[in-house]
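entry.pdb, holding PDB, C-alpha atoms:
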ATOM      1  CA  MET F   1     142.533 103.456   5.001
ATOM      2  CA  LYS F   2     140.822 104.835   1.969
ATOM      3  CA  LYS F   3     143.599 103.394  -0.210
ATOM      4  CA  TYR F   4     143.136  99.929   1.294
ATOM      5  CA  ALA F   5     139.377 100.044   0.680
ATOM      6  CA  ILE F   6     139.858 100.977  -2.995
ATOM      7  CA  LEU F   7     142.510  98.284  -3.423
ATOM      8  CA  THR F   8     140.217  95.684  -1.854
ATOM      9  CA  VAL F   9     137.313  96.609  -4.211
ATOM     10  CA  VAL F  10     139.579  96.476  -7.287
ATOM     11  CA  THR F  11     140.945  93.103  -6.186
ATOM     12  CA  LEU F  12     137.469  91.654  -5.653
ATOM     13  CA  ILE F  13     136.263  92.916  -9.028
ATOM     14  CA  GLY F  14     139.339  91.635 -10.899
ATOM     15  CA  ALA F  15     139.570  88.272  -9.155
ATOM     16  CA  PRO F  16     136.870  86.509 -11.241
ATOM     17  CA  ALA F  17     138.704  87.457 -14.448
ATOM     18  CA  PHE F  18     141.912  85.867 -13.212
ATOM     19  CA  ALA F  19     140.052  82.838 -11.920
ATOM     20  CA  GLY F  20     138.308  82.160 -15.215
ATOM     21  CA  GLY F  21     135.434  84.549 -14.559
ATOM     22  CA  LEU F  22     131.905  83.923 -13.454
ATOM     23  CA  ASN F  23     130.903  83.074 -17.013
ATOM     24  CA  GLU F  24     133.560  80.938 -18.621
ATOM     25  CA  ALA F  25     133.738  81.123 -22.425
ATOM     26  CA  VAL F  26     132.053  78.158 -24.108
ATOM     27  CA  ALA F  27     133.918  76.688 -27.065
ATOM     28  CA  GLU F  28     131.951  77.160 -30.272
ATOM     29  CA  PRO F  29     131.292  73.984 -32.312
ATOM     30  CA  THR F  30     133.475  73.565 -35.391
ATOM     31  CA  ILE F  31     131.642  72.850 -38.645
ATOM     32  CA  THR F  32     133.655  70.842 -41.134
ATOM     33  CA  PRO F  33     132.340  71.088 -44.722
ATOM     34  CA  VAL F  34     131.641  67.745 -46.366
ATOM     35  CA  GLU F  35     132.295  67.545 -50.092
ATOM     36  CA  ALA F  36     129.560  66.016 -52.212
ATOM     37  CA  PRO F  37     130.603  62.732 -53.856
ATOM     38  CA  MET F  38     131.571  62.994 -57.508
ATOM     39  CA  GLN F  39     128.901  61.916 -59.959
ATOM     40  CA  THR F  40     130.206  58.908 -61.860
ATOM     41  CA  SER F  41     126.975  57.615 -63.392
ATOM     42  CA  ILE F  42     124.148  58.975 -65.460
ATOM     43  CA  ASP F  43     121.604  61.080 -63.560
ATOM     44  CA  GLY F  44     118.685  59.968 -65.701
ATOM     45  CA  ASP F  45     119.214  62.445 -68.546
ATOM     46  CA  TRP F  46     119.502  60.578 -71.871
ATOM     47  CA  SER F  47     119.907  63.730 -73.975
ATOM     48  CA  GLY F  48     122.851  64.020 -76.334
ATOM     49  CA  ALA F  49     124.609  62.713 -79.410
ATOM     50  CA  TYR F  50     126.187  59.267 -79.388
ATOM     51  CA  VAL F  51     128.132  56.821 -81.563
ATOM     52  CA  GLY F  52     128.750  53.123 -81.187
ATOM     53  CA  ALA F  53     128.937  49.625 -82.603
ATOM     54  CA  GLN F  54     126.739  46.527 -82.652
ATOM     55  CA  LEU F  55     127.138  42.801 -83.236
ATOM     56  CA  GLY F  56     124.542  40.064 -83.473
ATOM     57  CA  TYR F  57     122.633  37.472 -85.438
ATOM     58  CA  GLY F  58     120.260  37.672 -88.405
ATOM     59  CA  ASP F  59     117.691  35.214 -89.753
ATOM     60  CA  ILE F  60     116.037  35.457 -93.205
ATOM     61  CA  ASP F  61     112.809  33.842 -94.401
ATOM     62  CA  SER F  62     111.576  34.080 -97.988
ATOM     63  CA  ASN F  63     108.164  33.444 -99.555
ATOM     64  CA  GLY F  64     108.936  29.974-100.827
ATOM     65  CA  ALA F  65     111.801  31.010-103.091
ATOM     66  CA  GLY F  66     114.311  28.993-101.060
ATOM     67  CA  LEU F  67     116.365  32.064-100.150
ATOM     68  CA  ASP F  68     116.373  31.392 -96.406
ATOM     69  CA  GLY F  69     119.459  31.726 -94.240
ATOM     70  CA  ASN F  70     121.051  32.969 -91.050
ATOM     71  CA  GLY F  71     124.378  34.239 -89.784
ATOM     72  CA  ALA F  72     126.347  37.025 -88.147
ATOM     73  CA  ILE F  73     125.583  40.708 -88.623
ATOM     74  CA  GLY F  74     127.254  43.802 -87.187
ATOM     75  CA  GLY F  75     128.294  47.383 -87.783
ATOM     76  CA  VAL F  76     128.215  50.949 -86.474
ATOM     77  CA  HIS F  77     125.586  53.513 -85.465
ATOM     78  CA  ALA F  78     125.214  57.211 -84.606
ATOM     79  CA  GLY F  79     122.263  59.147 -83.268
ATOM     80  CA  TYR F  80     120.805  61.843 -81.053
ATOM     81  CA  ARG F  81     118.286  61.638 -78.191
ATOM     82  CA  ALA F  82     116.287  64.257 -76.282
ATOM     83  CA  ASP F  83     115.038  63.533 -72.757
ATOM     84  CA  PHE F  84     111.697  65.163 -71.850
ATOM     85  CA  GLY F  85     111.474  63.750 -68.327
ATOM     86  CA  LYS F  86     109.845  60.347 -68.463
ATOM     87  CA  PHE F  87     109.791  60.243 -72.286
ATOM     88  CA  VAL F  88     112.834  60.066 -74.571
ATOM     89  CA  ALA F  89     112.735  60.642 -78.339
ATOM     90  CA  GLY F  90     115.508  60.302 -80.865
ATOM     91  CA  ALA F  91     116.777  59.418 -84.310
ATOM     92  CA  GLU F  92     119.576  57.089 -85.359
ATOM     93  CA  LEU F  93     121.456  55.950 -88.456
ATOM     94  CA  ASP F  94     123.042  52.512 -88.492
ATOM     95  CA  TYR F  95     124.870  50.314 -90.951
ATOM     96  CA  ASP F  96     125.470  46.557 -90.755
ATOM     97  CA  VAL F  97     127.517  44.206 -92.877
ATOM     98  CA  SER F  98     126.402  40.589 -92.820
ATOM     99  CA  ASP F  99     127.577  37.070 -93.440
ATOM    100  CA  ILE F 100     124.183  35.496 -94.130
ATOM    101  CA  GLU F 101     123.988  32.931 -96.898
ATOM    102  CA  LEU F 102     120.743  32.701 -98.858
ATOM    103  CA  GLY F 103     119.357  29.406-100.087
ATOM    104  CA  ALA F 104     122.293  27.113 -99.250
ATOM    105  CA  GLY F 105     124.821  29.016-101.317
ATOM    106  CA  ALA F 106     122.453  30.636-103.825
ATOM    107  CA  GLY F 107     123.453  34.094-102.589
ATOM    108  CA  THR F 108     124.230  36.353 -99.636
ATOM    109  CA  LEU F 109     122.761  39.317 -97.831
ATOM    110  CA  ASP F 110     125.655  41.783 -97.984
ATOM    111  CA  ASN F 111     124.595  44.780 -95.874
ATOM    112  CA  VAL F 112     121.667  46.653 -94.341
ATOM    113  CA  ALA F 113     121.372  50.387 -93.566
ATOM    114  CA  ARG F 114     118.594  51.976 -91.515
ATOM    115  CA  ILE F 115     117.081  55.348 -90.634
ATOM    116  CA  LYS F 116     115.445  55.017 -87.213
ATOM    117  CA  LEU F 117     112.935  56.998 -85.211
ATOM    118  CA  MET F 118     112.911  56.056 -81.534
ATOM    119  CA  GLY F 119     110.657  56.689 -78.539
ATOM    120  CA  GLY F 120     111.228  55.352 -75.051
ATOM    121  CA  ILE F 121     110.643  55.461 -71.307
ATOM    122  CA  ASP F 122     113.319  56.980 -69.052
ATOM    123  CA  LEU F 123     113.817  54.624 -66.090
ATOM    124  CA  GLY F 124     116.928  56.369 -64.757
ATOM    125  CA  ARG F 125     119.950  54.278 -65.703
ATOM    126  CA  THR F 126     117.753  52.163 -68.008
ATOM    127  CA  LEU F 127     116.070  53.252 -71.259
ATOM    128  CA  LEU F 128     113.360  51.020 -72.742
ATOM    129  CA  TYR F 129     112.413  52.035 -76.288
ATOM    130  CA  ALA F 130     110.560  51.156 -79.477
ATOM    131  CA  THR F 131     111.910  51.980 -82.915
ATOM    132  CA  ALA F 132     110.737  51.944 -86.541
ATOM    133  CA  GLY F 133     111.829  53.343 -89.863
ATOM    134  CA  ALA F 134     113.208  52.681 -93.336
ATOM    135  CA  ALA F 135     115.819  50.102 -94.313
ATOM    136  CA  TYR F 136     117.997  49.605 -97.386
ATOM    137  CA  ALA F 137     119.663  46.269 -98.205
ATOM    138  CA  ASP F 138     122.139  44.894-100.737
ATOM    139  CA  ALA F 139     122.207  41.209-101.691
ATOM    140  CA  THR F 140     123.962  38.998-104.184
ATOM    141  CA  VAL F 141     121.993  36.161-105.816
ATOM    142  CA  GLY F 142     124.098  34.099-108.180
ATOM    143  CA  THR F 143     126.124  36.723-110.028
ATOM    144  CA  THR F 144     123.417  39.386-109.779
ATOM    145  CA  GLU F 145     123.715  42.358-107.416
ATOM    146  CA  LEU F 146     120.303  43.277-105.994
ATOM    147  CA  SER F 147     119.214  46.103-103.672
ATOM    148  CA  ASP F 148     115.905  47.328-102.326
ATOM    149  CA  ASN F 149     114.164  49.502 -99.747
ATOM    150  CA  GLY F 150     112.068  48.098 -96.923
ATOM    151  CA  THR F 151     110.677  48.864 -93.499
ATOM    152  CA  PHE F 152     111.446  47.660 -89.990
ATOM    153  CA  ALA F 153     110.157  47.885 -86.417
ATOM    154  CA  GLY F 154     111.494  46.661 -83.114
ATOM    155  CA  VAL F 155     112.336  47.196 -79.467
ATOM    156  CA  GLY F 156     115.501  47.815 -77.486
ATOM    157  CA  LEU F 157     116.932  48.419 -74.050
ATOM    158  CA  ASP F 158     119.972  50.519 -73.078
ATOM    159  CA  TYR F 159     121.724  50.579 -69.705
ATOM    160  CA  ALA F 160     124.016  53.421 -68.581
ATOM    161  CA  VAL F 161     127.236  51.992 -67.193
ATOM    162  CA  SER F 162     128.435  55.586 -66.672
ATOM    163  CA  ASP F 163     127.447  59.081 -67.811
ATOM    164  CA  ARG F 164     129.211  58.452 -71.152
ATOM    165  CA  PHE F 165     129.111  54.702 -71.778
ATOM    166  CA  THR F 166     126.010  52.557 -72.406
ATOM    167  CA  VAL F 167     125.404  48.923 -73.308
ATOM    168  CA  GLY F 168     122.196  47.409 -74.630
ATOM    169  CA  GLY F 169     120.345  45.054 -76.875
ATOM    170  CA  GLU F 170     117.939  45.445 -79.804
ATOM    171  CA  TYR F 171     115.535  43.246 -81.747
ATOM    172  CA  LEU F 172     114.330  44.315 -85.220
ATOM    173  CA  MET F 173     111.896  42.816 -87.763
ATOM    174  CA  HIS F 174     112.449  43.854 -91.415
ATOM    175  CA  LYS F 175     110.191  43.461 -94.445
ATOM    176  CA  PHE F 176     111.432  43.661 -98.037
ATOM    177  CA  ASP F 177     108.524  43.014-100.416
ATOM    178  CA  ASP F 178     109.299  42.071-104.045
ATOM    179  CA  PHE F 179     113.026  42.529-103.456
ATOM    180  CA  ASP F 180     114.426  44.526-106.399
ATOM    181  CA  GLY F 181     111.505  43.430-108.596
ATOM    182  CA  SER F 182     112.481  39.767-108.245
ATOM    183  CA  GLY F 183     109.084  38.671-106.925
ATOM    184  CA  VAL F 184     110.816  37.462-103.717
ATOM    185  CA  ASP F 185     109.645  38.760-100.338
ATOM    186  CA  LEU F 186     112.254  38.677 -97.570
ATOM    187  CA  ASP F 187     111.555  38.871 -93.834
ATOM    188  CA  VAL F 188     114.717  39.562 -91.843
ATOM    189  CA  ASP F 189     114.898  39.295 -88.026
ATOM    190  CA  THR F 190     117.990  40.604 -86.223
ATOM    191  CA  ILE F 191     119.039  40.582 -82.581
ATOM    192  CA  LYS F 192     122.135  42.539 -81.599
ATOM    193  CA  ALA F 193     124.204  43.696 -78.620
ATOM    194  CA  LYS F 194     125.170  47.381 -78.726
ATOM    195  CA  VAL F 195     127.742  49.630 -77.072
ATOM    196  CA  SER F 196     127.569  53.430 -77.323
ATOM    197  CA  PHE F 197     129.584  56.482 -76.277
ATOM    198  CA  THR F 198     127.642  59.695 -75.526
ATOM    199  CA  PHE F 199     129.161  63.138 -76.146
TER     200      PHE F 199
END
Before we go any further, please render this structure as structure tokens.
Amino acid sequence: MKKYAILTVVTLIGAPAFAGGLNEAVAEPTITPVEAPMQTSIDGDWSGAYVGAQLGYGDIDSNGAGLDGNGAIGGVHAGYRADFGKFVAGAELDYDVSDIELGAGAGTLDNVARIKLMGGIDLGRTLLYATAGAAYADATVGTTELSDNGTFAGVGLDYAVSDRFTVGGEYLMHKFDDFDGSGVDLDVDTIKAKVSFTF
């Protein structure tokens, strides 16, 4: 009798385990990690060195000497920018060759080189900036090769297509007073499209 009582107690205690138990195990939720999407565009940081090319249009006015003209202009550029949050500062060198005739065949503007200082506003994928600096130009009038230093100022806008590639536009106003001692003052306006690759 004692054996039957012990067997009955063991059976009653073990029965819930075989039947799933009084407290069935609850399945724990599975957490699947989600990978962050790859960054394929600029995150608003315009810092870094860059190189590129530009192509546009130039217009020249003179102080009554008849050396006015307009035509294509284009070349290459290289620079460096530092992003300080909302403000971006930088420096750039650029060089343009031109096909601008002066005074209905009296001469040509051959090339223009510039040293630029730039300051702009960081708008994320867009950079709006002002620029100014020194310019150097070569021209041919008749059979005479002339060259002179001048100044320029202007504005530009760059847009980041990706973290490495930008496109933009730039407008510059140049002043060359008494060009190479000739007594001729030249005002040169240029508007150009630019593409750049950032390192």
Step by step, work through what the PyMOL selection byres ((chain F and resi 191) around 6) selects in the shown file, and finish by giving those residues as a list in words.
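Output of the PyMOL selection byres ((chain F and resi 191) around 6): Gly56, Tyr57, Glu170, Tyr171, Thr190 and Lys192 of chain F.
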Those selected residues, please, written with C-alpha atoms and delivered as a PDB file, in the coordinates of the input.
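What landed in part_28.pdb:
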ATOM      1  CA  GLY F  56     124.542  40.064 -83.473  1.00  0.00           C
ATOM      2  CA  TYR F  57     122.633  37.472 -85.438  1.00  0.00           C
ATOM      3  CA  GLU F 170     117.939  45.445 -79.804  1.00  0.00           C
ATOM      4  CA  TYR F 171     115.535  43.246 -81.747  1.00  0.00           C
ATOM      5  CA  THR F 190     117.990  40.604 -86.223  1.00  0.00           C
ATOM      6  CA  LYS F 192     122.135  42.539 -81.599  1.00  0.00           C
TER       7      LYS F 192
END
Run the PyMOL selection byres ((chain F and resi 121) around 6) against the file shown and list the residues it catches, as a PyMOL selection string.
chain F and resi 86-87+120+122+127-128
Applied to this file, what does the PyMOL selection byres ((chain F and resi 108) around 7) return in terms of residues, put as a list in words?
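Expected selection for the PyMOL selection byres ((chain F and resi 108) around 7) here is Ile100, Glu101, Leu102, Gly107, Leu109, Asp110, Ala139, Thr140 and Val141 of chain F.
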Can you list, as number ranges by chain, every protein, DNA or RNA residue that comes within 12 Å of Ala130 of chain F when you count all atoms listed in the file, leaving out same-chain residues fewer than 4 positions away?
F: 87-91, 116-121, 152-158, 169-173
Give me, please, the distance in Å between atom CA of Lys194 of chain F and atom CA of Ile60 of chain F, quoted to one decimal.
20.9 Å
Set the distance at 7 Å and use only C-alpha atoms: which residues neighbour Ala78 of chain F once local chain neighbours fewer than 4 positions away are removed? I'd like the list as a VMD selection string.
chain F and resid 50 to 52 92 to 94
What separation in Å, quoted to one decimal, exists between atom CA of Asp83 of chain F and atom CA of Ala135 of chain F?
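For atom CA of Asp83 of chain F relative to atom CA of Ala135 of chain F, the distance reads 25.4 Å.
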